[in-house]
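Q: This is protein-v8.txt (compact mmCIF, C-alpha atoms and all ligand atoms).
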```
# COMPACT_ATOMS: atom_id res chain seq x y z
CA MET A 14 128.12 138.69 101.16
CA GLU A 15 125.73 136.12 99.72
CA VAL A 16 126.31 134.20 96.49
CA LYS A 17 123.81 132.48 94.22
CA LEU A 18 124.71 129.11 92.73
CA LEU A 19 123.02 127.14 89.96
CA LEU A 20 123.01 123.39 90.59
CA THR A 21 122.29 120.83 87.85
CA PHE A 22 121.24 117.28 88.71
CA PRO A 23 119.44 114.32 87.09
CA VAL A 24 115.68 114.84 86.73
CA GLY A 25 113.87 112.40 89.03
CA ILE A 26 116.07 112.72 92.13
CA GLU A 27 114.82 116.16 93.29
CA ASP A 28 113.93 114.84 96.78
CA VAL A 29 117.43 113.38 97.23
CA VAL A 30 119.05 116.68 96.17
CA ARG A 31 116.84 118.73 98.51
CA GLU A 32 117.64 116.40 101.42
CA GLU A 33 121.40 116.52 100.76
CA ILE A 34 121.35 120.33 100.61
CA ARG A 35 119.43 120.38 103.90
CA GLU A 36 121.91 117.94 105.50
CA LYS A 37 125.16 119.47 104.29
CA ILE A 38 124.73 123.20 103.63
CA ASP A 39 123.11 125.90 105.59
CA SER A 40 121.60 127.55 102.54
CA CYS A 41 118.22 128.19 101.09
CA ILE A 42 116.80 127.04 97.80
CA ILE A 43 115.52 130.18 96.20
CA GLU A 44 114.23 128.75 92.93
CA GLU A 45 113.43 125.26 91.65
CA SER A 46 113.28 124.55 87.89
CA PRO A 47 114.25 128.12 86.87
CA LEU A 48 112.75 129.08 83.47
CA ASP A 49 110.72 125.85 83.76
CA THR A 50 113.89 123.80 83.28
CA PRO A 51 113.75 120.62 85.39
CA GLY A 52 116.97 119.28 86.88
CA LYS A 53 118.14 122.69 88.02
CA LEU A 54 117.84 124.78 91.13
CA ILE A 55 119.28 128.01 92.47
CA ILE A 56 120.57 128.25 96.03
CA GLN A 57 121.86 131.22 97.97
CA LEU A 58 124.51 130.94 100.67
CA PRO A 59 127.14 133.05 102.43
CA GLU A 60 130.27 133.50 100.29
CA SER A 61 132.38 131.95 103.08
CA LYS A 62 130.50 128.65 102.58
CA ARG A 63 130.96 128.56 98.82
CA ASN A 64 133.39 125.62 98.94
CA VAL A 65 131.04 123.38 100.91
CA VAL A 66 128.96 122.81 97.77
CA SER A 67 131.72 120.66 96.31
CA SER A 68 130.70 118.00 98.88
CA LEU A 69 127.28 117.59 97.23
CA ARG A 70 127.24 114.14 95.60
CA SER A 71 123.73 114.33 94.12
CA VAL A 72 124.52 117.17 91.73
CA ASP A 73 126.27 116.89 88.36
CA SER A 74 127.54 120.46 88.08
CA ILE A 75 127.68 123.74 89.95
CA MET A 76 128.25 127.30 88.78
CA ASP A 77 128.00 130.81 90.14
CA TYR A 78 124.63 132.01 88.90
CA LEU A 79 124.72 135.34 87.07
CA GLY A 80 121.42 135.34 85.19
CA SER A 81 118.93 133.50 83.02
CA PHE A 82 116.51 134.42 80.26
CA LYS A 83 114.52 132.93 77.39
CA VAL A 84 116.00 132.79 73.88
CA ASP A 85 114.57 132.11 70.44
CA LYS A 86 115.71 129.23 68.28
CA ASP A 87 116.71 131.51 65.38
CA LYS A 88 119.82 133.66 65.07
CA SER A 89 118.15 136.64 66.79
CA ALA A 90 119.06 134.81 70.01
CA LEU A 91 122.69 135.87 69.58
CA ASP A 92 121.76 139.60 69.86
CA LYS A 93 119.51 138.85 72.83
CA ILE A 94 122.26 136.91 74.63
CA CYS A 95 124.79 139.73 74.02
CA GLN A 96 122.31 142.35 75.31
CA GLU A 97 121.59 140.31 78.45
CA ILE A 98 125.32 139.75 79.05
CA LEU A 99 125.89 143.53 78.82
CA ASN A 100 123.28 144.04 81.56
CA ILE A 101 124.88 141.50 83.93
CA ASP A 102 127.17 142.94 86.56
CA PHE A 103 130.07 140.46 86.56
CA PRO A 104 131.70 139.94 89.99
CA GLU A 105 134.91 141.66 91.04
CA ASP A 106 137.14 138.58 90.75
CA PHE A 107 136.03 138.20 87.13
CA ARG A 108 136.70 141.87 86.39
CA ASN A 109 140.18 141.51 87.94
CA ALA A 110 141.03 138.28 86.10
CA SER A 111 144.04 138.36 83.78
CA SER A 112 142.23 136.25 81.15
CA PHE A 113 138.96 134.45 80.51
CA ARG A 114 137.19 132.13 78.12
CA VAL A 115 133.53 131.53 77.28
CA THR A 116 132.20 127.97 77.15
CA CYS A 117 128.75 127.27 75.70
CA ASP A 118 126.85 124.04 76.23
CA ARG A 119 123.72 123.79 74.10
CA ARG A 120 120.90 121.23 74.01
CA GLY A 121 118.06 121.49 71.49
CA LYS A 122 117.75 122.63 67.89
CA HIS A 123 119.00 126.17 67.21
CA ASP A 124 119.97 128.07 64.05
CA TYR A 125 123.30 128.97 65.66
CA THR A 126 126.16 126.92 67.07
CA SER A 127 127.75 126.88 70.50
CA MET A 128 130.84 128.44 68.91
CA ASP A 129 128.70 131.35 67.57
CA VAL A 130 127.60 132.02 71.16
CA GLU A 131 131.14 131.74 72.55
CA LYS A 132 132.51 134.20 69.96
CA ALA A 133 129.69 136.74 70.36
CA VAL A 134 129.73 136.71 74.18
CA GLY A 135 133.55 136.75 74.26
CA GLN A 136 133.56 139.93 72.16
CA VAL A 137 130.99 141.65 74.39
CA LEU A 138 133.06 140.90 77.49
CA VAL A 139 136.33 141.99 75.86
CA ASP A 140 134.70 145.32 74.90
CA LYS A 141 133.10 145.83 78.30
CA TYR A 142 135.88 144.72 80.68
CA ARG A 143 139.01 144.92 78.48
CA LEU A 144 140.05 141.39 79.46
CA LYS A 145 142.16 139.01 77.42
CA VAL A 146 140.64 135.84 75.91
CA LYS A 147 142.68 132.67 76.47
CA LEU A 148 141.32 129.28 75.44
CA GLU A 149 143.87 127.37 77.55
CA GLY A 150 145.27 128.43 80.92
CA PHE A 151 142.50 131.04 81.43
CA GLU A 152 141.70 132.46 84.84
CA ALA A 153 137.92 132.82 84.57
CA ASN A 154 135.45 130.59 82.71
CA VAL A 155 132.11 132.13 81.71
CA PHE A 156 129.57 129.37 81.15
CA ILE A 157 126.53 129.79 78.90
CA GLU A 158 124.13 126.87 79.03
CA ILE A 159 121.27 126.80 76.56
CA VAL A 160 118.56 124.18 77.13
CA GLU A 161 115.95 124.54 74.36
CA ASP A 162 114.67 128.11 74.91
CA ALA A 163 116.27 128.70 78.33
CA CYS A 164 119.66 130.36 78.65
CA PHE A 165 121.69 130.32 81.87
CA VAL A 166 124.80 132.42 82.46
CA GLY A 167 127.34 131.66 85.17
CA LEU A 168 130.94 131.22 86.17
CA LEU A 169 132.57 127.81 86.50
CA ARG A 170 135.06 127.54 89.35
CA GLU A 171 137.79 124.97 90.00
CA GLU A 172 136.69 124.57 93.60
CA TYR A 173 133.29 123.22 92.50
CA LEU A 174 134.88 120.25 90.74
CA ARG A 175 134.20 117.29 92.95
CA GLY A 176 136.58 114.39 93.47
CA ARG A 177 136.62 112.67 90.09
CA TYR A 178 137.56 109.02 90.11
CA PHE A 179 137.01 107.96 86.53
CA VAL A 180 140.60 107.13 85.76
CA PHE A 181 138.97 104.07 84.19
CA HIS A 182 135.94 104.82 82.01
CA HIS A 183 133.46 101.96 81.95
CA PRO A 184 131.51 102.11 78.65
CA ALA A 185 128.19 101.81 80.52
CA ALA A 186 129.01 103.67 83.75
CA ILE A 187 126.21 105.45 85.58
CA LYS A 188 126.54 109.00 86.83
CA PRO A 189 127.89 109.31 90.38
CA SER A 190 124.84 111.49 91.21
CA ILE A 191 122.45 108.65 90.28
CA ALA A 192 124.59 106.12 92.19
CA TYR A 193 124.40 108.42 95.23
CA ALA A 194 120.60 108.65 94.86
CA MET A 195 120.33 104.83 94.73
CA ILE A 196 122.38 104.57 97.94
CA LYS A 197 120.17 107.13 99.71
CA LEU A 198 117.01 105.36 98.51
CA ALA A 199 118.40 102.04 99.81
CA ASP A 200 118.09 103.34 103.39
CA VAL A 201 121.34 101.76 104.58
CA LYS A 202 121.91 101.36 108.32
CA PRO A 203 125.29 101.21 110.12
CA GLY A 204 126.95 97.80 110.07
CA MET A 205 125.15 96.64 106.93
CA THR A 206 126.68 94.64 104.07
CA ILE A 207 126.26 96.10 100.59
CA LEU A 208 126.89 94.23 97.34
CA ASP A 209 126.96 95.38 93.74
CA PRO A 210 127.12 92.04 91.88
CA MET A 211 127.57 93.72 88.46
CA CYS A 212 129.80 96.56 89.56
CA GLY A 213 131.72 97.44 86.39
CA GLY A 214 133.91 100.48 87.14
CA GLY A 215 132.65 100.57 90.73
CA THR A 216 130.62 103.82 90.66
CA ILE A 217 127.94 102.61 93.11
CA LEU A 218 130.46 101.19 95.59
CA ILE A 219 132.70 104.25 95.45
CA GLU A 220 129.74 106.53 96.14
CA ALA A 221 128.73 104.18 98.99
CA ALA A 222 132.24 104.34 100.46
CA LEU A 223 132.20 108.15 100.23
CA THR A 224 128.75 108.41 101.79
CA LEU A 225 128.70 105.68 104.46
CA SER A 226 131.36 104.85 107.01
CA ASP A 227 130.34 101.74 108.94
CA VAL A 228 129.45 99.34 106.09
CA LYS A 229 131.00 96.33 104.33
CA LEU A 230 131.24 96.78 100.58
CA TYR A 231 131.56 94.03 97.96
CA GLY A 232 131.87 94.48 94.19
CA PHE A 233 131.54 91.58 91.78
CA ASP A 234 131.66 91.46 87.99
CA ILE A 235 131.98 88.71 85.41
CA SER A 236 134.70 90.67 83.61
CA GLU A 237 138.27 90.75 84.94
CA TYR A 238 138.92 93.83 82.82
CA PHE A 239 136.06 95.87 84.33
CA LEU A 240 136.96 94.69 87.85
CA GLU A 241 140.49 96.01 87.34
CA GLY A 242 138.88 99.29 86.27
CA GLY A 243 136.85 99.34 89.47
CA VAL A 244 140.02 98.80 91.50
CA LEU A 245 141.77 101.63 89.64
CA ASN A 246 138.84 104.01 90.22
CA SER A 247 138.67 103.14 93.92
CA GLU A 248 142.44 103.59 94.26
CA ALA A 249 142.15 107.03 92.65
CA MET A 250 139.83 108.00 95.51
CA SER A 251 141.99 106.25 98.18
CA LEU A 252 139.09 103.90 98.88
CA SER A 253 140.51 100.56 97.72
CA ASP A 254 140.79 99.26 101.30
CA ARG A 255 137.05 99.83 101.75
CA ILE A 256 135.80 97.65 98.86
CA ILE A 257 136.36 93.94 98.18
CA PHE A 258 136.33 93.29 94.42
CA LYS A 259 135.96 89.74 93.10
CA LYS A 260 135.35 88.04 89.78
CA VAL A 261 131.93 86.38 90.09
CA ASP A 262 129.22 85.46 87.61
CA CYS A 263 126.04 86.78 89.20
CA ARG A 264 124.17 83.74 87.90
CA ASN A 265 126.15 81.66 90.45
CA LEU A 266 125.89 84.17 93.31
CA SER A 267 124.47 81.82 95.95
CA LYS A 268 127.27 79.29 95.34
CA ILE A 269 129.93 81.94 96.09
CA VAL A 270 128.38 84.16 98.77
CA ASP A 271 128.20 82.40 102.15
CA PHE A 272 126.78 85.39 104.07
CA LYS A 273 123.56 87.39 103.96
CA VAL A 274 123.57 90.71 102.13
CA ASP A 275 121.51 93.62 103.52
CA ARG A 276 121.49 95.80 100.41
CA ILE A 277 122.12 94.84 96.79
CA ILE A 278 122.51 98.03 94.75
CA THR A 279 123.19 97.42 91.10
CA ASN A 280 123.08 98.53 87.48
CA PRO A 281 122.82 95.41 85.30
CA PRO A 282 123.56 95.51 81.56
CA TYR A 283 120.61 96.61 79.39
CA GLY A 284 121.59 94.50 76.40
CA THR A 285 121.68 97.54 74.12
CA LYS A 286 125.46 97.90 73.74
CA PRO A 287 127.09 95.56 71.22
CA ILE A 288 129.97 94.82 73.63
CA PHE A 289 127.54 93.28 76.11
CA LYS A 290 126.03 90.49 74.03
CA ILE A 291 123.37 89.49 76.52
CA ASN A 292 119.67 88.82 76.44
CA PRO A 293 118.43 90.80 79.46
CA ARG A 294 115.26 88.78 80.14
CA PRO A 295 116.88 85.42 81.04
CA LEU A 296 119.89 87.16 82.62
CA TYR A 297 117.70 89.28 84.92
CA LEU A 298 115.59 86.24 85.82
CA LYS A 299 118.58 84.09 86.81
CA CYS A 300 120.38 86.97 88.58
CA LEU A 301 117.33 88.13 90.56
CA ILE A 302 116.65 84.55 91.72
CA GLU A 303 120.28 84.35 92.91
CA MET A 304 120.20 87.82 94.51
CA SER A 305 117.04 86.88 96.38
CA LYS A 306 118.78 83.76 97.77
CA VAL A 307 121.62 85.77 99.35
CA LEU A 308 119.43 88.71 100.46
CA ALA A 309 118.83 89.12 104.21
CA LYS A 310 115.21 88.74 105.41
CA ASP A 311 114.66 92.50 105.63
CA GLY A 312 117.04 93.20 102.77
CA LYS A 313 116.44 95.43 99.76
CA ILE A 314 117.56 95.29 96.14
CA VAL A 315 117.92 98.66 94.42
CA ILE A 316 118.25 98.21 90.68
CA ILE A 317 118.46 100.71 87.82
CA THR A 318 117.56 99.65 84.30
CA ILE A 319 115.88 100.72 81.09
CA LYS A 320 114.39 97.22 81.03
CA PRO A 321 111.94 97.34 83.99
CA ASP A 322 109.76 94.70 82.29
CA CYS A 323 112.65 92.20 82.65
CA VAL A 324 112.73 92.92 86.41
CA LYS A 325 108.95 92.61 86.71
CA ASN A 326 109.00 89.34 84.74
CA ALA A 327 111.34 87.83 87.37
CA LEU A 328 109.49 88.93 90.52
CA ASP A 329 107.32 85.85 91.18
CA LYS A 330 110.04 83.31 90.47
CA ALA A 331 112.57 85.25 92.59
CA GLY A 332 110.09 85.75 95.45
CA LEU A 333 110.44 89.53 95.33
CA LYS A 334 108.02 92.45 95.29
CA ILE A 335 108.28 96.11 94.33
CA GLU A 336 108.52 98.59 97.21
CA HIS A 337 109.27 101.72 95.18
CA GLU A 338 109.67 102.68 91.54
CA ARG A 339 110.67 105.95 89.86
CA THR A 340 111.93 107.14 86.50
CA VAL A 341 115.10 109.23 86.32
CA LYS A 342 116.84 110.95 83.45
CA HIS A 343 120.30 109.61 82.66
CA ASN A 344 121.84 111.41 79.68
CA ASP A 345 119.55 110.43 76.78
CA THR A 346 117.82 107.52 78.54
CA ASN A 347 115.04 107.32 81.11
CA PRO A 348 115.85 104.30 83.28
CA GLU A 349 113.81 103.23 86.28
CA ILE A 350 115.12 102.81 89.77
CA ILE A 351 113.21 99.90 91.31
CA ILE A 352 113.43 98.88 94.97
CA LEU A 353 112.62 95.23 95.68
CA THR A 354 112.04 93.43 98.95
CA LYS A 355 111.37 89.78 99.76
CA ASN A 356 107.85 88.58 99.16
CA GLY A 357 106.37 87.65 102.54
C1 LIG B 1 125.94 98.55 83.15
S1 LIG B 1 127.44 97.82 83.59
C2 LIG B 1 127.73 98.43 85.22
C3 LIG B 1 128.41 99.75 85.20
C4 LIG B 1 128.71 100.29 86.57
N1 LIG B 1 127.49 100.61 87.29
C5 LIG B 1 129.59 101.53 86.47
O1 LIG B 1 129.12 102.64 86.77
O2 LIG B 1 130.75 101.39 86.04
C6 LIG B 1 127.00 96.17 83.84
C7 LIG B 1 128.14 95.25 84.25
O3 LIG B 1 127.60 93.95 84.44
C8 LIG B 1 128.61 93.01 84.14
N2 LIG B 1 127.97 91.69 83.94
C9 LIG B 1 127.29 91.25 82.86
N3 LIG B 1 126.84 89.99 83.07
C10 LIG B 1 127.25 89.64 84.31
C11 LIG B 1 127.11 88.48 85.11
N4 LIG B 1 126.47 87.40 84.65
N5 LIG B 1 127.66 88.48 86.34
C12 LIG B 1 128.33 89.54 86.81
N6 LIG B 1 128.51 90.67 86.10
C13 LIG B 1 127.98 90.72 84.86
C14 LIG B 1 129.30 93.59 82.93
O4 LIG B 1 130.61 93.07 82.81
C15 LIG B 1 129.26 95.10 83.22
O5 LIG B 1 130.48 95.54 83.77
```
As a first step, turn the structure in this file into structure tokens.
A:
Amino acid sequence: MEVKLLLTFPVGIEDVVREEIREKIDSCIIEESPLDTPGKLIIQLPESKRNVVSSLRSVDSIMDYLGSFKVDKDKSALDKICQEILNIDFPEDFRNASSFRVTCDRRGKHDYTSMDVEKAVGQVLVDKYRLKVKLEGFEANVFIEIVEDACFVGLLREEYLRGRYFVFHHPAAIKPSIAYAMIKLADVKPGMTILDPMCGGGTILIEAALTLSDVKLYGFDISEYFLEGGVLNSEAMSLSDRIIFKKVDCRNLSKIVDFKVDRIITNPPYGTKPIFKINPRPLYLKCLIEMSKVLAKDGKIVIITIKPDCVKNALDKAGLKIEHERTVKHNDTNPEIIILTKNG
């Protein structure tokens, strides 16, 4: 038996997602950007391999794919969704479940709420399958995702939830999927030393530890509090012995680091959150000069920021040049991932 799964990932890392699917799962991509919705793709694989998808680090969420269709923005969409749900043949394990709930996630402007959708679809399924609705402790979770005029229907499953390590929530954490993409783009080789000099809750280093075995990982931050968060997150994933965390001001990097670093992969503050009272332009200039000093000759810096102009402003003084640049979507922002190498 084959199953179809809908994967959701950050727009801008499609190549990384395709490559990870090719590496880890023997499955085929049957549709990219279904209903013209970027950041989604549908794969088909044997049911016996269903659990392997939880190892995918480049995707944000996974669900069993049951169907998709276009919807209007006005309330007529509710009738359309109910009609489409009636036509979907729900799988046997759903039909045999003792209870279920419907969860709707909606992005865009609509004349109906997510709760309207949950209620309407819940009623259709109760009438059709005679199942009991339970909002807590349910056995099956029907997921309706509406992105503007595209509606996706699926089933969320516990086994798709990947190892979550955010026991500590950094206020400016990046998504693990984006951290994974940065690590893949860094082209790390065995034996290399990787540093995140502004590591916060440790997302980049934890993804590196999960992805790469033979590497040395260092995480620095100016804040003791965030460093402790990074340690907690790494402990939650049993990775604390893989990462050395240390309180360091990146502006003094070359005075502290007495070795060469092969890859610096980092997410500096953007200066937009009131808790980080920084001016990004001088901070990026000083930090990039320092990063360049500790970078190995063939080293690379992979940096993600919504302030690419502050990176570009520092290039000449830091002796760095741009090797690669791309825009990705991160929640409501569109930061750039920039790869830098030494100039000459
Ligand atoms: C955007 S956050 C990093 C979040 C991290 N990528 C995560 O997912 O948790 C930027 C971090 O840079 C740190 N930082 C700011 N100025 C710094 C400096 N001069 N040296 C080192 N770290 C600094 C902040 O404390 C903050 O934790």
Q: In Å, rounded to a single decimal, give me how far CA of Tyr78 in chain A is from CA of Leu174 in chain A.
A: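 The value is 15.7 Å.
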Q: Leaving out Lys145 in chain A and any residue of its chain fewer than 5 positions from it, which residues lie within 10 Å of it when counting only C-alpha atoms, given as a list in words?
A: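 These residues fall inside the cut-off: Ala110, Ser111, Ser112, Phe113, Arg114, Gly135, Leu138, Val139, Phe151 and Glu152 of chain A.
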Q: How would the residues just chosen look if you wrote them out with C-alpha atoms as a compact mmCIF listing (two decimals), keeping the file's coordinate frame?
A:
```txt
# COMPACT_ATOMS: atom_id res chain seq x y z
CA ALA A 110 141.03 138.28 86.10
CA SER A 111 144.04 138.36 83.78
CA SER A 112 142.23 136.25 81.15
CA PHE A 113 138.96 134.45 80.51
CA ARG A 114 137.19 132.13 78.12
CA GLY A 135 133.55 136.75 74.26
CA LEU A 138 133.06 140.90 77.49
CA VAL A 139 136.33 141.99 75.86
CA PHE A 151 142.50 131.04 81.43
CA GLU A 152 141.70 132.46 84.84
```
Q: Give the residues close to ligand LIG 1 (chain B), within 6 Å, counting only C-alpha atoms and all ligand atoms; write them as a list in words.
A: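 Final answer, ordered by chain and number: His183, Ala185, Ala186, Ile187, Pro210, Met211, Cys212, Gly213, Gly214, Gly215, Thr216, Asp234, Ile235, Ser236, Phe239, Val261, Asp262, Cys263, Arg264, Asn280, Pro281 and Pro282 of chain A.
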Q: Write out as a JSON list (two decimals) with C-alpha atoms, in the frame of the given file the residues lying within 10 Å of Val30 in chain A, counting all atoms listed in the file and excluding same-chain residues fewer than 2 positions away.
A:
```
[["chain", "number", "residue", "atom", "x", "y", "z"],
["A", 20, "LEU", "CA", 123.01, 123.39, 90.59],
["A", 21, "THR", "CA", 122.29, 120.83, 87.85],
["A", 22, "PHE", "CA", 121.24, 117.28, 88.71],
["A", 23, "PRO", "CA", 119.44, 114.32, 87.09],
["A", 25, "GLY", "CA", 113.87, 112.40, 89.03],
["A", 26, "ILE", "CA", 116.07, 112.72, 92.13],
["A", 27, "GLU", "CA", 114.82, 116.16, 93.29],
["A", 28, "ASP", "CA", 113.93, 114.84, 96.78],
["A", 32, "GLU", "CA", 117.64, 116.40, 101.42],
["A", 33, "GLU", "CA", 121.40, 116.52, 100.76],
["A", 34, "ILE", "CA", 121.35, 120.33, 100.61],
["A", 35, "ARG", "CA", 119.43, 120.38, 103.90],
["A", 36, "GLU", "CA", 121.91, 117.94, 105.50],
["A", 52, "GLY", "CA", 116.97, 119.28, 86.88],
["A", 54, "LEU", "CA", 117.84, 124.78, 91.13],
["A", 69, "LEU", "CA", 127.28, 117.59, 97.23],
["A", 70, "ARG", "CA", 127.24, 114.14, 95.60],
["A", 71, "SER", "CA", 123.73, 114.33, 94.12],
["A", 72, "VAL", "CA", 124.52, 117.17, 91.73],
["A", 190, "SER", "CA", 124.84, 111.49, 91.21],
["A", 193, "TYR", "CA", 124.40, 108.42, 95.23],
["A", 194, "ALA", "CA", 120.60, 108.65, 94.86]]
```
Q: Point out the residue among A:Ser253, A:Thr279, A:Gln57, A:Asn64 with the least atom-to-atom distance to Ile42 in chain A, counting only C-alpha atoms.
A: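 Using only C-alpha atoms, Ile42 in chain A sits closest to A:Gln57.
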Q: Nearest residue to Arg255 in chain A out of A:Val115, A:Ala221, A:Leu301, A:Ile277, using only C-alpha atoms?
A: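 The answer is A:Ala221, which sits nearest to Arg255 in chain A.
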Q: Just checking: using all atoms listed in the file, which residue out of A:Leu198, A:Val29, A:Leu144, A:Ile257 ends up closest to Asn109 in chain A?
A: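 For Asn109 in chain A, the nearest of the candidates is A:Leu144.
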Q: Considering only C-alpha atoms, can you say which of A:Lys202, A:Gln96, A:Ile319, A:Ser67 comes closest to Asp345 in chain A?
A: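 Distance minimum relative to Asp345 in chain A lands on A:Ile319.
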Q: Produce the centre coordinates and the three edge lengths, each in Å to one decimal, of the box along x, y and z that contains all listed atoms of range 157-169 of chain A with 8 Å added on each side, as JSON.
A:
```
{"center_x": 123.6, "center_y": 128.3, "center_z": 80.4, "size_x": 33.9, "size_y": 24.2, "size_z": 28.1}
```
Q: Grab the CA of Lys342 in chain A to CA of Lys229 in chain A distance for me, in Å with one decimal place.
A: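 These atoms are spaced 29.2 Å apart.
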Q: Which residue gives the smallest distance to Pro293 in chain A among A:Cys323, A:Ile219, A:Val66, A:Val166, with all atoms listed in the file counted?
A: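 Closest to Pro293 in chain A of all the choices is A:Cys323.
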Q: Which is closest to Asp275 in chain A among A:Ser305, A:Asn326, A:Thr340, A:Asn347, if we use only C-alpha atoms?
A: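 Comparing A:Ser305, A:Asn326, A:Thr340, A:Asn347 against Asp275 in chain A, the winner is A:Ser305.
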Q: What does the distance between CA of Val324 in chain A and CA of Asn265 in chain A come to in Å, to one decimal place?
A: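 CA of Asn265 in chain A lies 18.0 Å from CA of Val324 in chain A.
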Q: Any idea what's packed within 9 Å of Thr116 in chain A, counting all atoms listed in the file, ignoring anything in its chain fewer than 4 positions away? Could you give it as a list in words?
A: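 The residues satisfying every condition are Ser127, Met128, Val130, Glu131, Asn154, Val155, Phe156, Ile157 and Glu158 of chain A.
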Q: Which residues, written as a CSV table (one decimal) with C-alpha atoms, in the coordinates of the input, have at least one atom at most 12 Å from Ser81 in chain A, with all atoms listed in the file counted and residues fewer than 6 positions away on the same chain left out?
A:
```csv
chain,number,residue,atom,x,y,z
A,19,LEU,CA,123.0,127.1,90.0
A,44,GLU,CA,114.2,128.8,92.9
A,46,SER,CA,113.3,124.6,87.9
A,47,PRO,CA,114.2,128.1,86.9
A,48,LEU,CA,112.8,129.1,83.5
A,49,ASP,CA,110.7,125.8,83.8
A,50,THR,CA,113.9,123.8,83.3
A,53,LYS,CA,118.1,122.7,88.0
A,54,LEU,CA,117.8,124.8,91.1
A,55,ILE,CA,119.3,128.0,92.5
A,93,LYS,CA,119.5,138.8,72.8
A,94,ILE,CA,122.3,136.9,74.6
A,97,GLU,CA,121.6,140.3,78.4
A,98,ILE,CA,125.3,139.8,79.0
A,100,ASN,CA,123.3,144.0,81.6
A,101,ILE,CA,124.9,141.5,83.9
A,156,PHE,CA,129.6,129.4,81.2
A,157,ILE,CA,126.5,129.8,78.9
A,158,GLU,CA,124.1,126.9,79.0
A,159,ILE,CA,121.3,126.8,76.6
A,160,VAL,CA,118.6,124.2,77.1
A,162,ASP,CA,114.7,128.1,74.9
A,163,ALA,CA,116.3,128.7,78.3
A,164,CYS,CA,119.7,130.4,78.6
A,165,PHE,CA,121.7,130.3,81.9
A,166,VAL,CA,124.8,132.4,82.5
A,167,GLY,CA,127.3,131.7,85.2
```
